[in-house]
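Asker: Next comes the structure file input22.pdb, holding PDB, C-alpha atoms.
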```pdb
ATOM      1  CA  MET A   1     144.394  78.788 -18.179
ATOM      2  CA  ASP A   2     142.703  81.600 -20.118
ATOM      3  CA  GLY A   3     139.533  79.533 -20.147
ATOM      4  CA  GLU A   4     139.560  79.245 -16.343
ATOM      5  CA  ILE A   5     140.062  83.011 -15.959
ATOM      6  CA  ASN A   6     137.190  83.728 -18.351
ATOM      7  CA  MET A   7     134.993  81.247 -16.500
ATOM      8  CA  ASP A   8     135.840  82.814 -13.118
ATOM      9  CA  TRP A   9     135.127  86.307 -14.472
ATOM     10  CA  SER A  10     131.829  85.119 -15.923
ATOM     11  CA  LYS A  11     130.816  83.678 -12.553
ATOM     12  CA  ALA A  12     131.837  86.883 -10.784
ATOM     13  CA  LYS A  13     129.740  88.979 -13.178
ATOM     14  CA  ASN A  14     126.732  86.718 -12.618
ATOM     15  CA  ILE A  15     127.140  87.030  -8.845
ATOM     16  CA  LEU A  16     127.332  90.829  -9.089
ATOM     17  CA  ILE A  17     124.252  90.956 -11.313
ATOM     18  CA  ILE A  18     122.281  88.738  -8.933
ATOM     19  CA  ALA A  19     123.377  90.832  -5.934
ATOM     20  CA  PHE A  20     122.343  94.015  -7.775
ATOM     21  CA  ILE A  21     118.922  92.569  -8.586
ATOM     22  CA  ILE A  22     118.377  91.415  -4.990
ATOM     23  CA  THR A  23     119.360  94.854  -3.658
ATOM     24  CA  ASN A  24     116.976  96.638  -6.024
ATOM     25  CA  VAL A  25     114.125  94.246  -5.274
ATOM     26  CA  PHE A  26     114.632  94.875  -1.567
ATOM     27  CA  LEU A  27     114.775  98.629  -2.112
ATOM     28  CA  ALA A  28     111.552  98.463  -4.096
ATOM     29  CA  TYR A  29     109.959  96.436  -1.311
ATOM     30  CA  VAL A  30     110.892  98.857   1.455
ATOM     31  CA  LEU A  31     109.799 101.828  -0.648
ATOM     32  CA  ILE A  32     106.417 100.278  -1.346
ATOM     33  CA  ASN A  33     105.994  99.474   2.342
ATOM     34  CA  SER A  34     107.465 102.704   3.609
ATOM     35  CA  ARG A  35     104.252 104.274   4.895
ATOM     36  CA  ASP A  36     101.884 103.483   7.709
ATOM     37  CA  ASN A  37      98.142 103.468   7.131
ATOM     38  CA  ASN A  38      98.384 107.211   7.726
ATOM     39  CA  THR A  39      99.762 108.257   4.325
ATOM     40  CA  SER A  40     101.433 111.355   5.791
ATOM     41  CA  VAL A  41     103.727 109.378   8.082
ATOM     42  CA  VAL A  42     106.547 106.963   7.303
ATOM     43  CA  GLY A  43     106.619 103.524   8.942
ATOM     44  CA  GLU A  44     109.152 102.681  11.653
ATOM     45  CA  GLU A  45     110.343  99.554   9.830
ATOM     46  CA  PHE A  46     111.270 101.578   6.759
ATOM     47  CA  VAL A  47     113.244 104.028   8.910
ATOM     48  CA  ARG A  48     115.234 101.152  10.405
ATOM     49  CA  ASP A  49     115.880  99.702   6.930
ATOM     50  CA  VAL A  50     117.213 103.055   5.741
ATOM     51  CA  GLN A  51     119.547 103.329   8.737
ATOM     52  CA  THR A  52     120.879  99.838   7.934
ATOM     53  CA  PHE A  53     121.578 100.826   4.335
ATOM     54  CA  LEU A  54     123.360 104.007   5.454
ATOM     55  CA  LEU A  55     125.570 102.120   7.890
ATOM     56  CA  GLU A  56     126.749  99.907   5.029
ATOM     57  CA  LYS A  57     128.330 103.101   3.615
ATOM     58  CA  ASN A  58     129.551 104.096   7.094
ATOM     59  CA  ILE A  59     127.017 106.943   7.217
ATOM     60  CA  LYS A  60     125.823 107.348  10.802
ATOM     61  CA  VAL A  61     122.717 109.227  11.940
ATOM     62  CA  ALA A  62     123.051 111.060  15.269
ATOM     63  CA  VAL A  63     119.528 112.567  15.222
ATOM     64  CA  ASP A  64     115.987 111.304  14.861
ATOM     65  CA  ILE A  65     114.890 110.850  11.252
ATOM     66  CA  PRO A  66     111.648 112.807  10.659
ATOM     67  CA  LYS A  67     108.727 110.562   9.733
ATOM     68  CA  GLU A  68     106.232 113.183   8.568
ATOM     69  CA  ILE A  69     105.813 113.796   4.826
ATOM     70  CA  PRO A  70     105.578 117.593   4.423
ATOM     71  CA  SER A  71     103.265 119.412   2.028
ATOM     72  CA  LEU A  72     104.419 123.014   1.594
ATOM     73  CA  PRO A  73     103.897 126.034  -0.698
ATOM     74  CA  LEU A  74     106.473 127.520  -3.071
ATOM     75  CA  PHE A  75     108.312 130.825  -2.700
ATOM     76  CA  SER A  76     109.672 133.237  -5.261
ATOM     77  CA  ILE A  77     112.954 134.687  -4.089
ATOM     78  CA  LYS A  78     115.077 137.600  -5.249
ATOM     79  CA  TYR A  79     118.761 137.968  -4.438
ATOM     80  CA  GLU A  80     120.461 141.144  -3.277
ATOM     81  CA  THR A  81     122.646 142.938  -5.805
ATOM     82  CA  TYR A  82     125.513 145.254  -4.944
ATOM     83  CA  ASN A  83     127.359 148.192  -6.405
ATOM     84  CA  PRO A  84     131.039 147.120  -6.220
ATOM     85  CA  GLN A  85     132.379 150.596  -5.475
ATOM     86  CA  GLU A  86     129.853 151.148  -2.700
ATOM     87  CA  ILE A  87     130.872 147.829  -1.173
ATOM     88  CA  ALA A  88     134.536 148.821  -1.439
ATOM     89  CA  ASN A  89     133.814 152.082   0.395
ATOM     90  CA  LYS A  90     131.842 150.251   3.060
ATOM     91  CA  PHE A  91     134.541 147.633   3.691
ATOM     92  CA  LEU A  92     137.768 149.548   3.045
ATOM     93  CA  GLY A  93     136.983 153.226   3.431
ATOM     94  CA  GLN A  94     137.916 155.758   0.768
ATOM     95  CA  LYS A  95     141.519 154.685   0.108
ATOM     96  CA  TYR A  96     142.137 151.585  -1.974
ATOM     97  CA  GLU A  97     143.618 150.356  -5.212
ATOM     98  CA  THR A  98     142.110 148.050  -7.800
ATOM     99  CA  GLU A  99     143.381 144.802  -9.270
ATOM    100  CA  THR A 100     141.779 142.577 -11.891
ATOM    101  CA  ILE A 101     142.038 138.870 -11.144
ATOM    102  CA  GLN A 102     140.342 136.296 -13.392
ATOM    103  CA  GLY A 103     138.013 138.945 -14.746
ATOM    104  CA  TYR A 104     136.914 140.286 -11.351
ATOM    105  CA  ILE A 105     137.860 143.698  -9.956
ATOM    106  CA  TYR A 106     139.375 143.492  -6.478
ATOM    107  CA  TYR A 107     139.557 146.561  -4.256
ATOM    108  CA  VAL A 108     142.694 146.393  -2.092
ATOM    109  CA  ASN A 109     143.876 148.320   0.953
ATOM    110  CA  ASP A 110     147.023 146.873   2.557
ATOM    111  CA  SER A 111     146.056 143.404   3.843
ATOM    112  CA  GLU A 112     142.347 143.795   3.062
ATOM    113  CA  SER A 113     140.571 143.140  -0.227
ATOM    114  CA  VAL A 114     136.976 142.888  -1.375
ATOM    115  CA  THR A 115     135.206 142.044  -4.621
ATOM    116  CA  VAL A 116     131.665 141.534  -5.860
ATOM    117  CA  LYS A 117     131.192 138.509  -8.091
ATOM    118  CA  ASN A 118     128.339 138.314 -10.576
ATOM    119  CA  GLY A 119     126.720 141.338  -8.953
ATOM    120  CA  ASN A 120     125.413 139.450  -5.922
ATOM    121  CA  GLU A 121     128.254 137.762  -4.017
ATOM    122  CA  ILE A 122     130.570 139.723  -1.721
ATOM    123  CA  ILE A 123     133.974 138.201  -0.964
ATOM    124  CA  TYR A 124     136.186 139.911   1.621
ATOM    125  CA  GLU A 125     139.633 138.795   2.811
ATOM    126  CA  ASN A 126     142.110 140.071   5.382
ATOM    127  CA  THR A 127     145.525 138.412   5.245
ATOM    128  CA  SER A 128     146.940 140.240   8.280
ATOM    129  CA  LYS A 129     148.620 137.939  10.815
ATOM    130  CA  ASN A 130     148.620 140.548  13.598
ATOM    131  CA  GLN A 131     147.196 138.936  16.721
ATOM    132  CA  ILE A 132     144.306 140.895  18.223
ATOM    133  CA  TYR A 133     142.952 138.369  20.726
ATOM    134  CA  ASP A 134     144.770 136.277  23.342
ATOM    135  CA  SER A 135     142.337 133.390  22.909
ATOM    136  CA  MET A 136     139.285 132.461  20.879
ATOM    137  CA  THR A 137     136.066 130.823  22.045
ATOM    138  CA  THR A 138     132.758 130.024  20.398
ATOM    139  CA  ASP A 139     131.018 132.949  22.099
ATOM    140  CA  ARG A 140     133.779 135.383  21.173
ATOM    141  CA  ALA A 141     133.795 134.228  17.530
ATOM    142  CA  VAL A 142     130.022 134.756  17.321
ATOM    143  CA  GLU A 143     130.331 138.225  18.884
ATOM    144  CA  ILE A 144     133.018 139.185  16.356
ATOM    145  CA  ALA A 145     130.904 137.942  13.447
ATOM    146  CA  GLN A 146     127.760 139.742  14.572
ATOM    147  CA  LYS A 147     129.595 142.994  15.193
ATOM    148  CA  PHE A 148     131.143 142.746  11.713
ATOM    149  CA  ILE A 149     127.671 142.285  10.174
ATOM    150  CA  GLU A 150     126.306 145.305  12.039
ATOM    151  CA  ASP A 151     129.340 147.478  11.266
ATOM    152  CA  LYS A 152     128.895 146.810   7.543
ATOM    153  CA  GLY A 153     125.264 147.916   7.725
ATOM    154  CA  PHE A 154     123.608 144.570   7.063
ATOM    155  CA  SER A 155     120.338 143.656   8.779
ATOM    156  CA  SER A 156     120.758 141.789  12.050
ATOM    157  CA  ASN A 157     117.315 140.162  12.299
ATOM    158  CA  ASP A 158     116.957 138.019   9.182
ATOM    159  CA  TYR A 159     119.507 135.287   9.770
ATOM    160  CA  LYS A 160     120.342 132.389  12.059
ATOM    161  CA  LEU A 161     123.612 130.723  12.964
ATOM    162  CA  SER A 162     123.358 127.459  11.055
ATOM    163  CA  ILE A 163     126.851 125.939  11.135
ATOM    164  CA  MET A 164     129.891 126.367  13.354
ATOM    165  CA  THR A 165     133.082 124.322  13.343
ATOM    166  CA  HIS A 166     136.589 125.095  14.514
ATOM    167  CA  ASN A 167     140.133 123.871  14.247
ATOM    168  CA  ASN A 168     142.109 124.984  17.286
ATOM    169  CA  ASP A 169     141.714 128.794  17.357
ATOM    170  CA  VAL A 170     140.262 129.123  13.852
ATOM    171  CA  TYR A 171     136.455 129.230  13.719
ATOM    172  CA  TYR A 172     134.236 128.716  10.692
ATOM    173  CA  ILE A 173     130.793 130.268  11.045
ATOM    174  CA  GLU A 174     127.884 130.254   8.639
ATOM    175  CA  TYR A 175     124.621 132.179   8.898
ATOM    176  CA  THR A 176     121.612 131.369   6.718
ATOM    177  CA  LYS A 177     118.521 133.382   5.804
ATOM    178  CA  LEU A 178     115.628 132.378   8.071
ATOM    179  CA  ILE A 179     111.953 133.026   7.324
ATOM    180  CA  ASP A 180     109.072 131.464   9.291
ATOM    181  CA  ASP A 181     111.527 129.012  10.903
ATOM    182  CA  PHE A 182     112.696 127.720   7.508
ATOM    183  CA  TYR A 183     116.248 128.072   6.239
ATOM    184  CA  PHE A 184     116.384 129.507   2.718
ATOM    185  CA  GLU A 185     119.240 128.000   0.738
ATOM    186  CA  LYS A 186     121.351 128.967  -0.989
ATOM    187  CA  SER A 187     121.893 132.033   1.125
ATOM    188  CA  TYR A 188     124.851 132.532   3.379
ATOM    189  CA  MET A 189     127.166 134.740   5.344
ATOM    190  CA  LYS A 190     130.350 132.750   5.907
ATOM    191  CA  PHE A 191     133.151 133.747   8.267
ATOM    192  CA  THR A 192     136.644 132.535   9.026
ATOM    193  CA  ILE A 193     137.685 134.021  12.355
ATOM    194  CA  SER A 194     140.986 133.599  14.211
ATOM    195  CA  LEU A 195     143.111 135.382  16.785
ATOM    196  CA  SER A 196     143.734 138.046  14.143
ATOM    197  CA  GLY A 197     139.990 138.744  13.763
ATOM    198  CA  VAL A 198     137.895 138.266  10.630
ATOM    199  CA  ASN A 199     140.091 136.580   8.023
ATOM    200  CA  SER A 200     137.352 136.126   5.425
ATOM    201  CA  PHE A 201     133.689 136.923   4.841
ATOM    202  CA  GLU A 202     131.314 135.902   2.066
ATOM    203  CA  ARG A 203     127.763 137.081   1.574
ATOM    204  CA  TYR A 204     125.217 135.734  -0.922
ATOM    205  CA  TRP A 205     121.886 136.907   0.361
ATOM    206  CA  ILE A 206     118.164 136.908  -0.389
ATOM    207  CA  GLU A 207     116.614 140.355  -0.644
ATOM    208  CA  SER A 208     112.928 139.436  -0.771
ATOM    209  CA  VAL A 209     110.645 136.410  -0.594
ATOM    210  CA  GLU A 210     107.127 136.146  -1.994
ATOM    211  CA  LEU A 211     104.777 133.322  -1.009
ATOM    212  CA  ASP A 212     103.038 131.368  -3.775
ATOM    213  CA  ASP A 213     100.238 129.763  -1.784
ATOM    214  CA  SER A 214      98.355 128.590  -4.875
ATOM    215  CA  THR A 215     100.503 125.477  -5.190
ATOM    216  CA  HIS A 216     101.573 123.039  -2.488
ATOM    217  CA  ILE A 217     104.212 120.373  -3.024
ATOM    218  CA  THR A 218     104.319 117.108  -1.108
ATOM    219  CA  ILE A 219     107.967 116.187  -0.976
ATOM    220  CA  MET A 220     109.427 112.736  -0.454
ATOM    221  CA  SER A 221     109.887 111.574   3.103
ATOM    222  CA  ALA A 222     113.193 112.109   4.890
ATOM    223  CA  PRO A 223     114.030 108.362   5.008
ATOM    224  CA  ARG A 224     113.431 107.996   1.294
ATOM    225  CA  ALA A 225     115.515 111.114   0.593
ATOM    226  CA  LEU A 226     118.359 109.735   2.706
ATOM    227  CA  LEU A 227     118.618 106.751   0.362
ATOM    228  CA  LYS A 228     120.086 109.164  -2.193
ATOM    229  CA  LEU A 229     123.169 109.432   0.018
ATOM    230  CA  LEU A 230     124.059 105.842  -0.884
ATOM    231  CA  SER A 231     125.306 107.052  -4.263
ATOM    232  CA  MET A 232     127.078 110.165  -2.900
ATOM    233  CA  GLU A 233     130.647 109.317  -1.970
ATOM    234  CA  GLU A 234     131.087 112.715  -0.305
ATOM    235  CA  ALA A 235     128.721 111.471   2.439
ATOM    236  CA  TYR A 236     130.557 108.213   3.163
ATOM    237  CA  GLY A 237     132.161 107.959   6.582
ATOM    238  CA  LYS A 238     130.329 110.991   7.988
ATOM    239  CA  THR A 239     127.750 111.450  10.732
ATOM    240  CA  ILE A 240     124.468 113.268  10.112
ATOM    241  CA  ASN A 241     123.932 115.880  12.836
ATOM    242  CA  GLU A 242     120.859 117.629  11.443
ATOM    243  CA  ILE A 243     117.923 116.780   9.170
ATOM    244  CA  SER A 244     115.396 119.505   8.427
ATOM    245  CA  VAL A 245     113.149 120.863   5.708
ATOM    246  CA  CYS A 246     114.438 123.995   4.008
ATOM    247  CA  TYR A 247     113.638 126.018   0.901
ATOM    248  CA  TYR A 248     116.253 125.537  -1.765
ATOM    249  CA  LEU A 249     117.240 127.240  -4.996
ATOM    250  CA  ASP A 250     120.428 126.359  -6.845
ATOM    251  CA  PRO A 251     120.833 128.945  -9.644
ATOM    252  CA  ASN A 252     123.202 126.686 -11.572
ATOM    253  CA  LYS A 253     120.602 123.929 -11.679
ATOM    254  CA  HIS A 254     117.258 125.685 -11.792
ATOM    255  CA  ILE A 255     118.102 128.712 -13.875
ATOM    256  CA  GLY A 256     120.788 127.198 -16.051
ATOM    257  CA  ALA A 257     124.553 127.147 -15.808
ATOM    258  CA  ASN A 258     124.978 129.507 -18.751
ATOM    259  CA  SER A 259     122.867 132.246 -17.205
ATOM    260  CA  SER A 260     123.764 131.844 -13.522
ATOM    261  CA  SER A 261     126.055 134.860 -13.586
ATOM    262  CA  SER A 262     123.065 137.117 -14.268
ATOM    263  CA  ALA A 263     120.564 135.173 -12.162
ATOM    264  CA  ARG A 264     118.757 137.319  -9.649
ATOM    265  CA  GLY A 265     116.244 134.846  -8.236
ATOM    266  CA  GLY A 266     113.715 132.144  -8.989
ATOM    267  CA  LYS A 267     111.389 129.592  -7.404
ATOM    268  CA  ALA A 268     112.540 128.055  -4.122
ATOM    269  CA  THR A 269     111.106 124.606  -3.459
ATOM    270  CA  PRO A 270     111.063 122.489  -0.274
ATOM    271  CA  ALA A 271     113.982 120.091   0.142
ATOM    272  CA  TRP A 272     115.714 118.133   2.869
ATOM    273  CA  ARG A 273     118.744 119.852   4.383
ATOM    274  CA  ILE A 274     121.355 117.403   5.676
ATOM    275  CA  VAL A 275     124.196 118.743   7.858
ATOM    276  CA  PHE A 276     127.166 116.495   8.672
ATOM    277  CA  ASP A 277     129.537 116.502  11.609
ATOM    278  CA  ASP A 278     132.254 118.258   9.590
ATOM    279  CA  GLY A 279     129.963 121.213   8.800
ATOM    280  CA  THR A 280     129.267 120.235   5.181
ATOM    281  CA  LYS A 281     125.725 120.222   3.787
ATOM    282  CA  ILE A 282     123.795 118.276   1.165
ATOM    283  CA  PHE A 283     120.353 119.203  -0.151
ATOM    284  CA  LEU A 284     118.107 116.347  -1.216
ATOM    285  CA  GLU A 285     115.345 117.179  -3.701
ATOM    286  CA  ASP A 286     112.629 115.082  -5.310
ATOM    287  CA  ASN A 287     114.177 115.164  -8.766
TER     288      ASN A 287
END
```
Please lay out the structure from this file as structure tokens.

Answerer:
Amino acid sequence: MDGEINMDWSKAKNILIIAFIITNVFLAYVLINSRDNNTSVVGEEFVRDVQTFLLEKNIKVAVDIPKEIPSLPLFSIKYETYNPQEIANKFLGQKYETETIQGYIYYVNDSESVTVKNGNEIIYENTSKNQIYDSMTTDRAVEIAQKFIEDKGFSSNDYKLSIMTHNNDVYYIEYTKLIDDFYFEKSYMKFTISLSGVNSFERYWIESVELDDSTHITIMSAPRALLKLLSMEEAYGKTINEISVCYYLDPNKHIGANSSSSARGGKATPAWRIVFDDGTKIFLEDN
């Protein structure tokens, strides 16, 4: 009996190995044949192959997959830094108390609180359940968010609404830094807005951007980048609603996890920005 089980397991392993080899040979084939004679454009057949692979993981694509292979310059970016007490005064006025939670100082006034993490991330919360609005719509939520940004003295011309989702009367809005029609990630102003107004706000923002036109990078094509989703379980079962080129800097990855708390900027490189139907994002880089 044990011999039969071992034999069956051995056969199963051989089948899995053969299937793995066939899959990788096919992947290699489609990658090699992924471009048309024009080396800056991806072939239609490769795009269809990629869509087939994605569907095997129940990843649907609701938009056209770009076929061009971009060649773009680099940018040096610098993040905004904030004085915590100035932020407290701006958000809460002159009357507040302080609490220390997990090493961070929180400024608190009744239901409102605000803190500055690592010198460059503002986190504001309002736990009040008092209903201010009779109903909430997309337009109203956007108006509330934009008025909040202006009231806090932040610039109103350097961002674009990049993601909006909602669950009944609760809206989740995200704005991203926009320069020359490119999103610059990671940068964000995130809102949670309900019938009680702004429930939460987070800001992690880019202060300045400097073009480095001496070096251009040709990034992998969008179809080839999408193949990376096959190994990302967080993408399974979702629908891709947006595919675009952005500039991307992840301080934890590019500057080092040990020094991210004091990171103030770095080199932003082109990457593919994938937005799913649930409002989540994945950035696909060459490395």

Asker: How many Å separate CA of Leu92 (chain A) from CA of Asn130 (chain A)?

Answerer: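 Between CA of Leu92 (chain A) and CA of Asn130 (chain A) the gap works out to 17.6 Å.
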
Asker: Could you state which residues are captured by the PyMOL selection byres ((chain A and resi 270) around 9) in this file, as a list of chain:residue names?

Answerer: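 Output of the PyMOL selection byres ((chain A and resi 270) around 9): A:Pro70, A:Ser71, A:Leu72, A:Pro73, A:Leu74, A:Ile217, A:Thr218, A:Ile219, A:Val245, A:Cys246, A:Tyr247, A:Tyr248, A:Ala268, A:Thr269, A:Ala271, A:Trp272, A:Glu285.
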
Asker: Carefully work through the PyMOL selection byres ((chain A and resi 230) around 9) for this structure and note down the residues it includes, as a compact mmCIF listing (two decimals) with C-alpha atoms, in the coordinates of the input.

Answerer:
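Written out: part_13.txt:
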```txt
# COMPACT_ATOMS: atom_id res chain seq x y z
CA PHE A 53 121.58 100.83 4.34
CA LEU A 54 123.36 104.01 5.45
CA GLU A 56 126.75 99.91 5.03
CA LYS A 57 128.33 103.10 3.62
CA ILE A 59 127.02 106.94 7.22
CA LEU A 226 118.36 109.74 2.71
CA LEU A 227 118.62 106.75 0.36
CA LYS A 228 120.09 109.16 -2.19
CA LEU A 229 123.17 109.43 0.02
CA SER A 231 125.31 107.05 -4.26
CA MET A 232 127.08 110.16 -2.90
CA GLU A 233 130.65 109.32 -1.97
CA ALA A 235 128.72 111.47 2.44
CA TYR A 236 130.56 108.21 3.16
```

Asker: Selected by the PyMOL selection byres ((chain A and resi 169) around 7) in the shown coordinates: which residues, as a PyMOL selection string?

Answerer: chain A and resi 136+166-168+170-171+194-195

Asker: With all atoms listed in the file as the atoms that count, which of A:Phe201, A:Leu211, A:Lys238, A:Tyr104 lies nearest to Asp180 (chain A)?

Answerer: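 Counting all atoms listed in the file, the residue closest to Asp180 (chain A) is A:Leu211.
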
Asker: By how many Å are CA of Leu284 (chain A) and CA of Ala225 (chain A) apart?

Answerer: 6.1 Å

Asker: Can you work out the spacing between CA of Ile173 (chain A) and CA of Phe191 (chain A) in Å, to one decimal?

Answerer: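 Separating CA of Ile173 (chain A) from CA of Phe191 (chain A) is a distance of 5.0 Å.
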
Asker: Pick the closest to Lys67 (chain A) from A:Ile105, A:Ile132, A:Tyr82, A:Arg224: which is it, counting all atoms listed in the file?

Answerer: A:Arg224

Asker: Of the candidates A:Leu55, A:Ala88, A:Ile77, A:Met164, which shows the shortest atom-to-atom distance to Ile123 (chain A), using only C-alpha atoms?

Answerer: A:Ala88

Asker: Report, as lines of an AutoDock Vina configuration file, the centre and edge lengths in Å (one decimal) of the axis-aligned box enclosing every listed atom of region 83-102 of chain A, padded by 4 Å on each side.

Answerer:
```
center_x = 135.5
center_y = 146.0
center_z = -4.9
size_x = 24.3
size_y = 27.5
size_z = 25.1
```

Asker: Go through A:Ser221, A:Ser162, A:Ser244, A:Gln131 one by one, measure the shortest atom-to-atom distance of each to Ser40 (chain A) using only C-alpha atoms, and give the residue with the smallest value.

Answerer: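 Among the listed residues, the smallest separation from Ser40 (chain A) belongs to A:Ser221.
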
Asker: Identify the residues within 12 Å of coordinate (142.3, 138.1, -7.3) (same frame as the file), considering all atoms listed in the file, and give the answer as a PDB file with C-alpha atoms, keeping the file's coordinate frame.

Answerer:
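Produced file out_37.pdb, reproduced below:
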```pdb
ATOM      1  CA  THR A  98     142.110 148.050  -7.800  1.00  0.00           C
ATOM      2  CA  GLU A  99     143.381 144.802  -9.270  1.00  0.00           C
ATOM      3  CA  THR A 100     141.779 142.577 -11.891  1.00  0.00           C
ATOM      4  CA  ILE A 101     142.038 138.870 -11.144  1.00  0.00           C
ATOM      5  CA  GLN A 102     140.342 136.296 -13.392  1.00  0.00           C
ATOM      6  CA  GLY A 103     138.013 138.945 -14.746  1.00  0.00           C
ATOM      7  CA  TYR A 104     136.914 140.286 -11.351  1.00  0.00           C
ATOM      8  CA  ILE A 105     137.860 143.698  -9.956  1.00  0.00           C
ATOM      9  CA  TYR A 106     139.375 143.492  -6.478  1.00  0.00           C
ATOM     10  CA  TYR A 107     139.557 146.561  -4.256  1.00  0.00           C
ATOM     11  CA  VAL A 108     142.694 146.393  -2.092  1.00  0.00           C
ATOM     12  CA  GLU A 112     142.347 143.795   3.062  1.00  0.00           C
ATOM     13  CA  SER A 113     140.571 143.140  -0.227  1.00  0.00           C
ATOM     14  CA  VAL A 114     136.976 142.888  -1.375  1.00  0.00           C
ATOM     15  CA  THR A 115     135.206 142.044  -4.621  1.00  0.00           C
ATOM     16  CA  VAL A 116     131.665 141.534  -5.860  1.00  0.00           C
ATOM     17  CA  LYS A 117     131.192 138.509  -8.091  1.00  0.00           C
ATOM     18  CA  ILE A 123     133.974 138.201  -0.964  1.00  0.00           C
ATOM     19  CA  TYR A 124     136.186 139.911   1.621  1.00  0.00           C
ATOM     20  CA  GLU A 125     139.633 138.795   2.811  1.00  0.00           C
TER      21      GLU A 125
END
```

Asker: Restricting the calculation to all atoms listed in the file: of A:Lys281, A:Arg140, A:His216, A:Arg264, which residue gets closest to Glu185 (chain A)?

Answerer: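 Nearest candidate to Glu185 (chain A) out of A:Lys281, A:Arg140, A:His216, A:Arg264: A:Lys281.
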
Asker: Nearest residue to Lys267 (chain A) out of A:Asn157, A:Ser208, A:Asn83, A:Ser128, using all atoms listed in the file?

Answerer: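 Using all atoms listed in the file, Lys267 (chain A) sits closest to A:Ser208.
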
Asker: Give me, as a VMD selection string, all polymer residues having an atom no more than 9 Å from Glu242 (chain A), counting only C-alpha atoms and skipping those fewer than 2 positions away in the same chain.

Answerer: chain A and resid 61 to 64 240 244 273 to 277

Asker: Should you be able to, write region 99-104 of chain A of this structure into a file that contains all heavy atoms, as a PDB file, in the first residue's frame.

Answerer:
```
ATOM      1  N   GLU A  99      -1.305  63.521  23.555  1.00  0.00           N
ATOM      2  CA  GLU A  99      -1.207  62.137  23.997  1.00  0.00           C
ATOM      3  C   GLU A  99      -0.099  61.465  23.205  1.00  0.00           C
ATOM      4  O   GLU A  99       0.083  61.763  22.015  1.00  0.00           O
ATOM      5  CB  GLU A  99      -2.519  61.380  23.766  1.00  0.00           C
ATOM      6  CG  GLU A  99      -3.699  61.904  24.541  1.00  0.00           C
ATOM      7  CD  GLU A  99      -4.972  61.128  24.233  1.00  0.00           C
ATOM      8  OE1 GLU A  99      -4.882  60.099  23.524  1.00  0.00           O
ATOM      9  OE2 GLU A  99      -6.044  61.543  24.689  1.00  0.00           O
ATOM     10  N   THR A 100       0.629  60.573  23.835  1.00  0.00           N
ATOM     11  CA  THR A 100       1.663  59.812  23.135  1.00  0.00           C
ATOM     12  C   THR A 100       1.166  58.390  22.932  1.00  0.00           C
ATOM     13  O   THR A 100       0.860  57.678  23.887  1.00  0.00           O
ATOM     14  CB  THR A 100       2.979  59.797  23.928  1.00  0.00           C
ATOM     15  OG1 THR A 100       3.423  61.145  24.110  1.00  0.00           O
ATOM     16  CG2 THR A 100       4.063  59.024  23.172  1.00  0.00           C
ATOM     17  N   ILE A 101       1.080  57.994  21.675  1.00  0.00           N
ATOM     18  CA  ILE A 101       0.610  56.660  21.313  1.00  0.00           C
ATOM     19  C   ILE A 101       1.631  56.020  20.388  1.00  0.00           C
ATOM     20  O   ILE A 101       1.920  56.553  19.306  1.00  0.00           O
ATOM     21  CB  ILE A 101      -0.764  56.716  20.625  1.00  0.00           C
ATOM     22  CG1 ILE A 101      -1.780  57.425  21.521  1.00  0.00           C
ATOM     23  CG2 ILE A 101      -1.247  55.304  20.276  1.00  0.00           C
ATOM     24  CD1 ILE A 101      -3.131  57.655  20.860  1.00  0.00           C
ATOM     25  N   GLN A 102       2.198  54.900  20.815  1.00  0.00           N
ATOM     26  CA  GLN A 102       3.208  54.172  20.041  1.00  0.00           C
ATOM     27  C   GLN A 102       4.339  55.084  19.573  1.00  0.00           C
ATOM     28  O   GLN A 102       4.809  54.992  18.438  1.00  0.00           O
ATOM     29  CB  GLN A 102       2.548  53.478  18.847  1.00  0.00           C
ATOM     30  CG  GLN A 102       1.547  52.400  19.260  1.00  0.00           C
ATOM     31  CD  GLN A 102       0.920  51.695  18.076  1.00  0.00           C
ATOM     32  OE1 GLN A 102       0.967  52.182  16.944  1.00  0.00           O
ATOM     33  NE2 GLN A 102       0.332  50.554  18.331  1.00  0.00           N
ATOM     34  N   GLY A 103       4.747  55.975  20.451  1.00  0.00           N
ATOM     35  CA  GLY A 103       5.885  56.836  20.161  1.00  0.00           C
ATOM     36  C   GLY A 103       5.562  58.098  19.389  1.00  0.00           C
ATOM     37  O   GLY A 103       6.449  58.932  19.164  1.00  0.00           O
ATOM     38  N   TYR A 104       4.310  58.284  18.989  1.00  0.00           N
ATOM     39  CA  TYR A 104       3.916  59.471  18.235  1.00  0.00           C
ATOM     40  C   TYR A 104       3.073  60.394  19.125  1.00  0.00           C
ATOM     41  O   TYR A 104       2.230  59.923  19.893  1.00  0.00           O
ATOM     42  CB  TYR A 104       3.108  59.108  16.983  1.00  0.00           C
ATOM     43  CG  TYR A 104       3.904  58.340  15.963  1.00  0.00           C
ATOM     44  CD1 TYR A 104       3.707  56.974  15.779  1.00  0.00           C
ATOM     45  CD2 TYR A 104       4.862  58.983  15.180  1.00  0.00           C
ATOM     46  CE1 TYR A 104       4.429  56.270  14.836  1.00  0.00           C
ATOM     47  CE2 TYR A 104       5.593  58.283  14.233  1.00  0.00           C
ATOM     48  CZ  TYR A 104       5.376  56.926  14.069  1.00  0.00           C
ATOM     49  OH  TYR A 104       6.107  56.222  13.140  1.00  0.00           O
TER      50      TYR A 104
END
```
